[in-house]
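One file, data.cif, is given below (mmCIF, C-alpha atoms).
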data_upload
loop_
_atom_site.group_PDB
_atom_site.id
_atom_site.type_symbol
_atom_site.label_atom_id
_atom_site.label_comp_id
_atom_site.auth_asym_id
_atom_site.auth_seq_id
_atom_site.Cartn_x
_atom_site.Cartn_y
_atom_site.Cartn_z
ATOM 1 C CA MET A 918 188.242 -4.887 164.880
ATOM 2 C CA LYS A 919 187.485 -8.156 163.130
ATOM 3 C CA LYS A 920 184.127 -9.051 161.667
ATOM 4 C CA ILE A 921 182.322 -12.351 162.121
ATOM 5 C CA ILE A 922 179.964 -12.930 159.232
ATOM 6 C CA LEU A 923 177.477 -15.681 158.424
ATOM 7 C CA PRO A 924 179.586 -17.967 156.226
ATOM 8 C CA GLU A 925 178.614 -19.658 152.970
ATOM 9 C CA LEU A 926 176.728 -22.823 153.911
ATOM 10 C CA GLY A 927 176.154 -24.269 150.465
ATOM 11 C CA GLN A 928 174.421 -23.718 147.171
ATOM 12 C CA GLY A 929 170.885 -22.452 147.474
ATOM 13 C CA ILE A 930 171.208 -21.498 151.148
ATOM 14 C CA GLU A 931 170.667 -17.767 151.301
ATOM 15 C CA LYS A 932 169.695 -17.182 154.916
ATOM 16 C CA ALA A 933 169.608 -18.719 158.376
ATOM 17 C CA VAL A 934 168.046 -18.030 161.752
ATOM 18 C CA ILE A 935 170.076 -17.315 164.868
ATOM 19 C CA SER A 936 169.360 -20.161 167.251
ATOM 20 C CA ARG A 937 171.545 -19.328 170.239
ATOM 21 C CA TRP A 938 174.575 -17.343 171.190
ATOM 22 C CA TYR A 939 177.209 -19.244 173.162
ATOM 23 C CA CYS A 940 178.929 -16.068 174.349
ATOM 24 C CA LYS A 941 178.156 -12.519 175.309
ATOM 25 C CA VAL A 942 179.766 -9.127 174.742
ATOM 26 C CA GLY A 943 183.025 -8.908 176.713
ATOM 27 C CA ASP A 944 183.796 -12.634 176.567
ATOM 28 C CA THR A 945 187.256 -13.736 175.506
ATOM 29 C CA ILE A 946 187.035 -15.724 172.278
ATOM 30 C CA ARG A 947 189.648 -18.102 170.952
ATOM 31 C CA GLU A 948 190.009 -18.889 167.275
ATOM 32 C CA GLY A 949 187.945 -21.978 166.508
ATOM 33 C CA ASP A 950 185.497 -21.539 169.401
ATOM 34 C CA ASP A 951 181.834 -21.950 168.543
ATOM 35 C CA ILE A 952 180.301 -18.549 169.066
ATOM 36 C CA VAL A 953 176.783 -18.910 167.733
ATOM 37 C CA GLU A 954 174.457 -21.634 166.476
ATOM 38 C CA ILE A 955 172.310 -20.934 163.440
ATOM 39 C CA VAL A 956 169.640 -23.095 161.841
ATOM 40 C CA THR A 957 168.716 -23.610 158.245
ATOM 41 C CA ASP A 958 166.207 -26.191 157.072
ATOM 42 C CA LYS A 959 167.289 -29.465 158.738
ATOM 43 C CA ALA A 960 170.715 -28.353 159.916
ATOM 44 C CA ALA A 961 171.950 -26.664 163.086
ATOM 45 C CA PHE A 962 175.320 -25.118 162.267
ATOM 46 C CA ASN A 963 177.841 -23.822 164.774
ATOM 47 C CA VAL A 964 179.735 -20.786 163.534
ATOM 48 C CA PRO A 965 183.340 -20.812 164.736
ATOM 49 C CA ALA A 966 185.377 -17.678 165.437
ATOM 50 C CA GLU A 967 188.105 -17.171 162.855
ATOM 51 C CA ASP A 968 190.097 -14.896 165.157
ATOM 52 C CA SER A 969 190.866 -14.587 168.849
ATOM 53 C CA GLY A 970 189.987 -11.547 170.932
ATOM 54 C CA ILE A 971 187.212 -9.968 172.969
ATOM 55 C CA LEU A 972 183.671 -10.155 171.617
ATOM 56 C CA SER A 973 182.866 -6.469 171.303
ATOM 57 C CA GLU A 974 179.470 -6.396 169.638
ATOM 58 C CA ILE A 975 176.589 -8.784 168.865
ATOM 59 C CA LEU A 976 174.521 -7.491 165.967
ATOM 60 C CA VAL A 977 171.754 -10.091 165.651
ATOM 61 C CA ASN A 978 169.453 -11.460 168.326
ATOM 62 C CA GLU A 979 168.345 -15.052 168.804
ATOM 63 C CA GLY A 980 165.353 -15.805 166.587
ATOM 64 C CA GLU A 981 166.311 -13.228 163.961
ATOM 65 C CA GLU A 982 167.043 -14.130 160.365
ATOM 66 C CA LEU A 983 170.247 -13.218 158.609
ATOM 67 C CA LYS A 984 171.501 -13.434 155.024
ATOM 68 C CA ILE A 985 174.727 -15.199 154.097
ATOM 69 C CA GLY A 986 177.631 -12.743 154.309
ATOM 70 C CA GLU A 987 175.891 -10.423 156.792
ATOM 71 C CA LEU A 988 177.547 -9.362 160.006
ATOM 72 C CA LEU A 989 176.951 -11.440 163.142
ATOM 73 C CA ALA A 990 179.384 -9.891 165.591
ATOM 74 C CA THR A 991 182.702 -8.115 165.968
ATOM 75 C CA ILE A 992 185.871 -9.045 167.849
ATOM 76 C CA GLU A 993 188.512 -6.662 169.193
ATOM 77 C CA SER A 994 191.934 -8.230 169.291
ATOM 78 C CA MET B 674 176.826 -35.024 143.646
ATOM 79 C CA GLU B 675 179.874 -37.096 142.801
ATOM 80 C CA ILE B 676 182.854 -36.985 145.145
ATOM 81 C CA LYS B 677 186.004 -37.309 143.087
ATOM 82 C CA GLU B 678 188.652 -37.749 145.739
ATOM 83 C CA LYS B 679 188.896 -41.206 147.330
ATOM 84 C CA GLN B 680 188.521 -40.899 151.098
ATOM 85 C CA LYS B 681 190.629 -42.491 153.793
ATOM 86 C CA ALA B 682 189.119 -45.408 155.687
ATOM 87 C CA LEU B 683 185.856 -44.998 157.558
ATOM 88 C CA GLN B 684 185.498 -46.157 161.136
ATOM 89 C CA ILE B 685 182.210 -47.943 161.784
ATOM 90 C CA LYS B 686 180.636 -48.253 165.224
ATOM 91 C CA ASN B 687 177.662 -50.590 165.491
ATOM 92 C CA LEU B 688 176.197 -49.794 168.906
ATOM 93 C CA GLY B 689 173.142 -52.082 168.747
ATOM 94 C CA VAL B 690 170.248 -50.883 170.919
ATOM 95 C CA ILE B 691 171.471 -47.947 173.001
ATOM 96 C CA SER B 692 169.809 -45.070 174.828
ATOM 97 C CA TYR B 693 169.588 -41.777 173.003
ATOM 98 C CA LYS B 694 171.736 -40.032 175.619
ATOM 99 C CA GLN B 695 174.511 -42.621 175.580
ATOM 100 C CA ALA B 696 174.653 -42.565 171.792
ATOM 101 C CA TYR B 697 174.790 -38.755 171.882
ATOM 102 C CA GLU B 698 177.788 -38.861 174.221
ATOM 103 C CA ILE B 699 179.527 -41.272 171.849
ATOM 104 C CA GLN B 700 178.762 -38.937 168.941
ATOM 105 C CA MET B 701 180.422 -36.067 170.802
ATOM 106 C CA GLU B 702 183.495 -38.179 171.624
ATOM 107 C CA CYS B 703 183.787 -39.188 167.963
ATOM 108 C CA LEU B 704 183.343 -35.563 166.855
ATOM 109 C CA GLU B 705 186.182 -34.505 169.122
ATOM 110 C CA ARG B 706 188.434 -37.233 167.711
ATOM 111 C CA VAL B 707 187.530 -36.404 164.098
ATOM 112 C CA SER B 708 188.323 -32.739 164.827
ATOM 113 C CA LEU B 709 191.799 -33.884 165.910
ATOM 114 C CA GLY B 710 192.310 -35.613 162.561
ATOM 115 C CA GLU B 711 191.162 -39.140 163.321
ATOM 116 C CA LEU B 712 189.062 -41.153 160.884
ATOM 117 C CA ASP B 713 185.553 -40.127 159.937
ATOM 118 C CA THR B 714 183.106 -42.365 161.781
ATOM 119 C CA LEU B 715 179.740 -43.877 160.987
ATOM 120 C CA ILE B 716 177.660 -44.773 164.047
ATOM 121 C CA LEU B 717 174.788 -47.215 163.564
ATOM 122 C CA CYS B 718 172.289 -48.004 166.303
ATOM 123 C CA GLU B 719 168.692 -48.343 167.450
ATOM 124 C CA HIS B 720 167.117 -46.421 170.333
ATOM 125 C CA PRO B 721 164.463 -47.444 172.840
ATOM 126 C CA THR B 722 161.400 -45.272 172.234
ATOM 127 C CA VAL B 723 162.266 -41.593 172.580
ATOM 128 C CA LEU B 724 160.902 -38.339 171.186
ATOM 129 C CA THR B 725 163.506 -35.827 170.078
ATOM 130 C CA LEU B 726 162.815 -32.185 169.356
ATOM 131 C CA GLY B 727 165.216 -30.269 167.150
ATOM 132 C CA ARG B 728 165.934 -26.556 167.111
ATOM 133 C CA THR B 729 162.897 -25.597 165.047
ATOM 134 C CA SER B 730 160.428 -27.748 166.927
ATOM 135 C CA ASP B 731 157.107 -26.977 168.490
ATOM 136 C CA GLU B 732 156.063 -28.900 171.608
ATOM 137 C CA GLU B 733 152.484 -28.788 170.301
ATOM 138 C CA ASN B 734 153.556 -31.478 167.855
ATOM 139 C CA ILE B 735 153.522 -33.907 170.791
ATOM 140 C CA LEU B 736 149.951 -35.151 170.672
ATOM 141 C CA VAL B 737 149.813 -37.063 173.958
ATOM 142 C CA SER B 738 149.983 -35.881 177.559
ATOM 143 C CA LYS B 739 153.106 -35.833 179.726
ATOM 144 C CA GLU B 740 151.386 -38.366 181.992
ATOM 145 C CA GLU B 741 150.907 -40.768 179.101
ATOM 146 C CA LEU B 742 154.548 -40.417 178.052
ATOM 147 C CA GLU B 743 155.679 -41.050 181.647
ATOM 148 C CA LYS B 744 153.353 -44.033 181.994
ATOM 149 C CA ASN B 745 154.949 -45.623 178.915
ATOM 150 C CA ASN B 746 158.526 -44.648 179.932
ATOM 151 C CA ILE B 747 158.966 -42.515 176.838
ATOM 152 C CA LEU B 748 161.613 -39.843 177.229
ATOM 153 C CA VAL B 749 161.523 -36.479 175.495
ATOM 154 C CA GLU B 750 164.863 -34.939 174.514
ATOM 155 C CA PHE B 751 165.446 -31.373 173.321
ATOM 156 C CA ILE B 752 168.478 -31.604 171.061
ATOM 157 C CA ASN B 753 170.877 -29.571 168.973
ATOM 158 C CA ARG B 754 169.971 -30.701 165.483
ATOM 159 C CA GLY B 755 167.971 -28.961 162.804
ATOM 160 C CA GLY B 756 164.339 -29.866 162.241
ATOM 161 C CA ASP B 757 161.244 -30.462 164.329
ATOM 162 C CA ILE B 758 160.085 -33.497 166.286
ATOM 163 C CA THR B 759 160.828 -37.102 165.476
ATOM 164 C CA LEU B 760 160.452 -40.464 167.137
ATOM 165 C CA HIS B 761 163.003 -43.211 167.526
ATOM 166 C CA SER B 762 162.218 -46.754 168.575
ATOM 167 C CA THR B 763 163.675 -50.202 168.201
ATOM 168 C CA GLY B 764 163.362 -51.580 164.697
ATOM 169 C CA GLN B 765 164.442 -48.222 163.285
ATOM 170 C CA LEU B 766 167.931 -47.925 161.817
ATOM 171 C CA VAL B 767 169.599 -44.760 163.086
ATOM 172 C CA ALA B 768 172.819 -43.614 161.441
ATOM 173 C CA TYR B 769 175.003 -40.808 162.776
ATOM 174 C CA PRO B 770 177.781 -39.964 160.307
ATOM 175 C CA ILE B 771 180.573 -38.001 161.993
ATOM 176 C CA LEU B 772 182.167 -36.614 158.835
ATOM 177 C CA ASN B 773 184.561 -33.766 158.343
ATOM 178 C CA LEU B 774 182.867 -31.904 155.491
ATOM 179 C CA LYS B 775 186.107 -30.066 154.770
ATOM 180 C CA HIS B 776 187.128 -33.315 153.024
ATOM 181 C CA PHE B 777 183.979 -33.393 150.912
ATOM 182 C CA ASP B 778 182.083 -30.215 150.087
ATOM 183 C CA LYS B 779 181.313 -27.489 152.614
ATOM 184 C CA ASP B 780 177.698 -27.566 151.484
ATOM 185 C CA LEU B 781 174.940 -28.497 153.933
ATOM 186 C CA LYS B 782 172.257 -29.029 151.284
ATOM 187 C CA LEU B 783 174.511 -31.290 149.262
ATOM 188 C CA TYR B 784 175.349 -33.297 152.379
ATOM 189 C CA LEU B 785 171.633 -33.734 153.182
ATOM 190 C CA LYS B 786 170.988 -34.829 149.593
ATOM 191 C CA ARG B 787 173.804 -37.383 149.809
ATOM 192 C CA ILE B 788 172.376 -38.818 153.026
ATOM 193 C CA GLU B 789 168.964 -39.038 151.377
ATOM 194 C CA LYS B 790 170.577 -40.848 148.440
ATOM 195 C CA VAL B 791 172.149 -43.419 150.790
ATOM 196 C CA ALA B 792 168.668 -44.243 152.120
ATOM 197 C CA ILE B 793 167.083 -44.266 148.642
ATOM 198 C CA ASP B 794 169.769 -46.653 147.367
ATOM 199 C CA LEU B 795 169.507 -48.855 150.481
ATOM 200 C CA LEU B 796 165.747 -49.168 149.955
ATOM 201 C CA GLY B 797 166.369 -49.896 146.272
ATOM 202 C CA CYS B 798 168.587 -52.824 147.303
ATOM 203 C CA PHE B 799 165.523 -54.287 149.030
ATOM 204 C CA GLY B 800 163.247 -53.690 146.033
ATOM 205 C CA ILE B 801 161.587 -50.549 147.398
ATOM 206 C CA VAL B 802 161.323 -47.513 145.137
ATOM 207 C CA ALA B 803 161.837 -44.435 147.294
ATOM 208 C CA SER B 804 162.349 -40.797 146.409
ATOM 209 C CA ARG B 805 162.719 -37.271 147.672
ATOM 210 C CA LEU B 806 159.757 -34.972 148.040
ATOM 211 C CA SER B 807 160.263 -31.539 146.529
ATOM 212 C CA GLY B 808 160.776 -28.901 149.197
ATOM 213 C CA SER B 809 160.957 -31.385 152.064
ATOM 214 C CA THR B 810 164.070 -33.123 153.381
ATOM 215 C CA GLY B 811 163.652 -36.850 153.999
ATOM 216 C CA VAL B 812 162.874 -39.990 152.027
ATOM 217 C CA TRP B 813 159.448 -41.043 150.887
ATOM 218 C CA VAL B 814 157.718 -44.063 149.411
ATOM 219 C CA ASN B 815 154.761 -42.783 147.439
ATOM 220 C CA ASP B 816 153.214 -40.235 149.803
ATOM 221 C CA LYS B 817 154.464 -41.806 153.029
ATOM 222 C CA LYS B 818 157.653 -40.914 154.840
ATOM 223 C CA ILE B 819 160.131 -43.693 155.564
ATOM 224 C CA ALA B 820 163.256 -41.790 156.638
ATOM 225 C CA SER B 821 163.770 -38.561 158.579
ATOM 226 C CA ILE B 822 166.892 -36.439 158.623
ATOM 227 C CA GLY B 823 168.215 -33.778 160.984
ATOM 228 C CA ILE B 824 171.821 -32.785 161.448
ATOM 229 C CA GLY B 825 174.160 -30.690 163.508
ATOM 230 C CA VAL B 826 177.488 -29.328 162.288
ATOM 231 C CA ARG B 827 180.383 -28.204 164.470
ATOM 232 C CA LYS B 828 183.772 -27.187 163.040
ATOM 233 C CA TRP B 829 182.331 -28.418 159.720
ATOM 234 C CA ILE B 830 182.013 -31.899 161.242
ATOM 235 C CA THR B 831 178.564 -33.473 161.051
ATOM 236 C CA PHE B 832 176.646 -35.134 163.856
ATOM 237 C CA HIS B 833 173.074 -36.423 164.291
ATOM 238 C CA GLY B 834 171.838 -37.923 161.009
ATOM 239 C CA ILE B 835 169.118 -40.138 159.612
ATOM 240 C CA ALA B 836 166.508 -42.561 160.948
ATOM 241 C CA ILE B 837 165.045 -45.169 158.587
ATOM 242 C CA ASN B 838 161.991 -47.166 159.599
ATOM 243 C CA ILE B 839 162.770 -50.842 159.138
ATOM 244 C CA ASN B 840 160.457 -52.744 161.518
ATOM 245 C CA THR B 841 159.396 -49.709 163.571
ATOM 246 C CA ASN B 842 156.000 -49.962 165.283
ATOM 247 C CA LEU B 843 154.236 -47.313 163.191
ATOM 248 C CA ASP B 844 151.440 -46.895 165.737
ATOM 249 C CA LEU B 845 153.937 -45.007 167.908
ATOM 250 C CA PHE B 846 153.994 -42.128 165.425
ATOM 251 C CA SER B 847 150.400 -41.304 166.388
ATOM 252 C CA MET B 848 151.962 -39.642 169.466
ATOM 253 C CA ILE B 849 153.477 -36.882 167.339
ATOM 254 C CA ARG B 850 153.141 -34.799 164.208
ATOM 255 C CA PRO B 851 156.392 -36.050 162.604
ATOM 256 C CA CYS B 852 158.592 -33.149 161.573
ATOM 257 C CA GLY B 853 155.625 -30.911 162.380
ATOM 258 C CA MET B 854 153.815 -32.184 159.304
ATOM 259 C CA ASP B 855 150.547 -34.044 158.826
ATOM 260 C CA VAL B 856 152.320 -36.965 157.273
ATOM 261 C CA GLN B 857 151.855 -40.704 157.367
ATOM 262 C CA MET B 858 154.913 -42.771 158.179
ATOM 263 C CA THR B 859 155.789 -46.114 156.681
ATOM 264 C CA SER B 860 158.460 -48.767 157.187
ATOM 265 C CA MET B 861 160.229 -51.389 155.120
ATOM 266 C CA ALA B 862 158.305 -54.135 156.940
ATOM 267 C CA ASP B 863 155.008 -52.366 156.261
ATOM 268 C CA ILE B 864 155.785 -52.106 152.565
ATOM 269 C CA LYS B 865 157.197 -55.622 152.160
ATOM 270 C CA GLY B 866 154.635 -57.270 154.421
ATOM 271 C CA GLU B 867 157.339 -59.131 156.308
ATOM 272 C CA PHE B 868 159.875 -58.657 159.098
ATOM 273 C CA ILE B 869 163.197 -57.326 157.796
ATOM 274 C CA ASP B 870 166.574 -58.350 159.225
ATOM 275 C CA ILE B 871 167.898 -54.999 160.502
ATOM 276 C CA ASN B 872 171.495 -56.271 160.324
ATOM 277 C CA LYS B 873 171.113 -56.675 156.560
ATOM 278 C CA THR B 874 169.915 -53.080 156.327
ATOM 279 C CA LYS B 875 172.902 -51.921 158.400
ATOM 280 C CA ASN B 876 175.277 -53.677 155.998
ATOM 281 C CA SER B 877 173.473 -52.144 153.045
ATOM 282 C CA PHE B 878 173.646 -48.707 154.674
ATOM 283 C CA ILE B 879 177.415 -49.091 155.080
ATOM 284 C CA ASP B 880 177.849 -50.241 151.442
ATOM 285 C CA ASN B 881 175.761 -47.421 150.017
ATOM 286 C CA PHE B 882 177.262 -44.829 152.354
ATOM 287 C CA CYS B 883 180.803 -45.811 151.308
ATOM 288 C CA SER B 884 179.781 -45.716 147.662
ATOM 289 C CA ILE B 885 178.228 -42.244 147.833
ATOM 290 C CA PHE B 886 180.904 -40.669 150.046
ATOM 291 C CA ASN B 887 183.674 -42.505 148.134
ATOM 292 C CA PHE B 888 185.272 -44.395 151.029
#

Show this structure as structure tokens.
Amino acid sequence: MKKIILPELGQGIEKAVISRWYCKVGDTIREGDDIVEIVTDKAAFNVPAEDSGILSEILVNEGEELKIGELLATIES
Amino acid sequence: MEIKEKQKALQIKNLGVISYKQAYEIQMECLERVSLGELDTLILCEHPTVLTLGRTSDEENILVSKEELEKNNILVEFINRGGDITLHSTGQLVAYPILNLKHFDKDLKLYLKRIEKVAIDLLGCFGIVASRLSGSTGVWVNDKKIASIGIGVRKWITFHGIAININTNLDLFSMIRPCGMDVQMTSMADIKGEFIDINKTKNSFIDNFCSIFNF
């Protein structure tokens, strides 16, 4: 299992809100695919998958807030 | 804020007056090319009047009815940038930098600050003292807003960008609560009391952009 976490987005950015998921549990994900869009202040940021595999779990719903480094989803390869 | 490494050349696309949708399609084409390693691109344009709502927008910030918008042929676009509602219209300089932030700093706040600085320096070139407002992204002259910013980032490549009021008809902003704030907007023409040649502001934007991003 591989973890997808909310990446560092820059100094002073500690959290972001999940805007929309582009995929659902069971979808095949390729490395580099956008899997989720998050928003922080004036930026909408697309989080790419760093691994390929099957999206096995989504841990945060749209509209929820997440801290940098926290778990967004997991991928089974 | 300084970028030490000299960048490769920057491609500049001056699209003139172009619909919001067409310009968005061009942004996406440029983003795809930049992701394949082609040159970073700066798109400059103006849009016919359009309201755009970002990801954190509230439709209640549109202060006129749908019928009134339709009567005046004003489109409303829900788009994938950060921020609330804004208005574009001719006489407003819109800049969409398609930059691979992996070549600069992977820092969204720093990128926003650099874009603000481009606008502040551009306005300075025309004798207008502009500044940031603490806690609020954008560029201000005294207590009025002159430039609005909202971005998207995909594969660490930026899209969307900044809109600076040059000769914008400021009455149009009465249709919205810009950025969801009770804020008064201003323009270069309003401050200077004269029409401003938008082409000169485009050239100044390019000069200041290249200086700040070290192209």

* Residue list as a PyMOL selection string for point (155.4, -40.2, 176.2), cut-off 10 Å, all atoms listed in the file -> chain B and resi 722-724+735-749+845+848-849

* Asked: Can you list what the PyMOL selection byres ((chain A and resi 978) around 9) grabs from this structure, as an MDAnalysis selection string?
  -> chainID A and resid 935:938 975:977 979:982

Keeping only C-alpha atoms, write the selected residues as an mmCIF file, in the frame of the given file.
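What follows is the written file result_29.cif:
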data_model
loop_
_atom_site.group_PDB
_atom_site.id
_atom_site.type_symbol
_atom_site.label_atom_id
_atom_site.label_comp_id
_atom_site.auth_asym_id
_atom_site.auth_seq_id
_atom_site.Cartn_x
_atom_site.Cartn_y
_atom_site.Cartn_z
ATOM 1 C CA ILE A 935 170.076 -17.315 164.868
ATOM 2 C CA SER A 936 169.360 -20.161 167.251
ATOM 3 C CA ARG A 937 171.545 -19.328 170.239
ATOM 4 C CA TRP A 938 174.575 -17.343 171.190
ATOM 5 C CA ILE A 975 176.589 -8.784 168.865
ATOM 6 C CA LEU A 976 174.521 -7.491 165.967
ATOM 7 C CA VAL A 977 171.754 -10.091 165.651
ATOM 8 C CA GLU A 979 168.345 -15.052 168.804
ATOM 9 C CA GLY A 980 165.353 -15.805 166.587
ATOM 10 C CA GLU A 981 166.311 -13.228 163.961
ATOM 11 C CA GLU A 982 167.043 -14.130 160.365
#

* **Interatomic distance (Å, one decimal) between CA of Cys703 in chain B and CA of Thr725 in chain B** =>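 Result for CA of Cys703 in chain B versus CA of Thr725 in chain B: 20.7 Å, one decimal.
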
Sorted per-residue table, chain A near chain B, closest atoms and distance, 7 Å, all atoms listed in the file, as a Markdown table:
| residue | atom | partner | partner_atom | distance |
| --- | --- | --- | --- | --- |
| A:Leu926 | CA | B:Asp780 | CA | 5.4 |
| A:Gly927 | CA | B:Asp780 | CA | 3.8 |
| A:Gln928 | CA | B:Asp780 | CA | 6.6 |
| A:Val956 | CA | B:Gly755 | CA | 6.2 |
| A:Asp958 | CA | B:Gly755 | CA | 6.6 |
| A:Lys959 | CA | B:Gly755 | CA | 4.2 |
| A:Ala960 | CA | B:Gly755 | CA | 4.0 |
| A:Ala961 | CA | B:Gly755 | CA | 4.6 |
| A:Phe962 | CA | B:Val826 | CA | 4.7 |
| A:Asn963 | CA | B:Arg827 | CA | 5.1 |
| A:Pro965 | CA | B:Lys828 | CA | 6.6 |

Residue selection dump (C-alpha atoms) as an mmCIF file, in the coordinates of the input:
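Result saved to result-v5.cif:
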data_model
loop_
_atom_site.group_PDB
_atom_site.id
_atom_site.type_symbol
_atom_site.label_atom_id
_atom_site.label_comp_id
_atom_site.auth_asym_id
_atom_site.auth_seq_id
_atom_site.Cartn_x
_atom_site.Cartn_y
_atom_site.Cartn_z
ATOM 1 C CA LEU A 926 176.728 -22.823 153.911
ATOM 2 C CA GLY A 927 176.154 -24.269 150.465
ATOM 3 C CA GLN A 928 174.421 -23.718 147.171
ATOM 4 C CA VAL A 956 169.640 -23.095 161.841
ATOM 5 C CA ASP A 958 166.207 -26.191 157.072
ATOM 6 C CA LYS A 959 167.289 -29.465 158.738
ATOM 7 C CA ALA A 960 170.715 -28.353 159.916
ATOM 8 C CA ALA A 961 171.950 -26.664 163.086
ATOM 9 C CA PHE A 962 175.320 -25.118 162.267
ATOM 10 C CA ASN A 963 177.841 -23.822 164.774
ATOM 11 C CA PRO A 965 183.340 -20.812 164.736
#

* Asked: Between B:Leu712, B:Ile771, B:Ile793, B:Ile752, which one has atoms that come closest to Ser877 in chain B, using all atoms listed in the file?
  ->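 Once distances to Ser877 in chain B are computed over all atoms listed in the file, the minimum belongs to B:Ile793.
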
* **Between CA of Asn838 in chain B and CA of Glu719 in chain B, distance in Å (one decimal)** =>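 So the answer is 10.4 Å.
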
Please determine an axis-aligned box that encloses all atoms of range 772-788 of chain B listed in the file, with 4 Å added on each side, and express its centre and edge lengths in Å to one decimal as JSON.
{"center_x": 179.1, "center_y": -33.2, "center_z": 154.0, "size_x": 24.1, "size_y": 19.3, "size_z": 17.6}

* **Point-to-point distance from CA of Phe777 in chain B to CA of Lys679 in chain B, Å rounded to tenths** => 9.9 Å

* At most 10 Å from (189.9, -14.0, 163.6), file frame, only C-alpha atoms: which residues, as a list in words? -> Met918, Lys919, Lys920, Ile921, Ile946, Arg947, Glu948, Gly949, Pro965, Ala966, Glu967, Asp968, Ser969, Gly970, Thr991, Ile992, Glu993 and Ser994 of chain A

* Determine the residue set returned by the PyMOL selection byres ((chain A and resi 973) around 6) for the present structure, and present it as an MDAnalysis selection string. => chainID A and resid 942:943 971:972 974 991:992

Would you write out, as an mmCIF file with C-alpha atoms, in the frame of the given file, every residue that the PyMOL selection byres ((chain B and resi 836) around 6) captures in this file?
data_model
loop_
_atom_site.group_PDB
_atom_site.id
_atom_site.type_symbol
_atom_site.label_atom_id
_atom_site.label_comp_id
_atom_site.auth_asym_id
_atom_site.auth_seq_id
_atom_site.Cartn_x
_atom_site.Cartn_y
_atom_site.Cartn_z
ATOM 1 C CA LEU B 766 167.931 -47.925 161.817
ATOM 2 C CA VAL B 767 169.599 -44.760 163.086
ATOM 3 C CA ALA B 820 163.256 -41.790 156.638
ATOM 4 C CA SER B 821 163.770 -38.561 158.579
ATOM 5 C CA ILE B 835 169.118 -40.138 159.612
ATOM 6 C CA ILE B 837 165.045 -45.169 158.587
#

* Contact residues around Glu987 in chain A with all atoms listed in the file at 7 Å, ignoring same-chain residues under 2 positions, as a PyMOL selection string -> chain A and resi 922-923+983-985+989
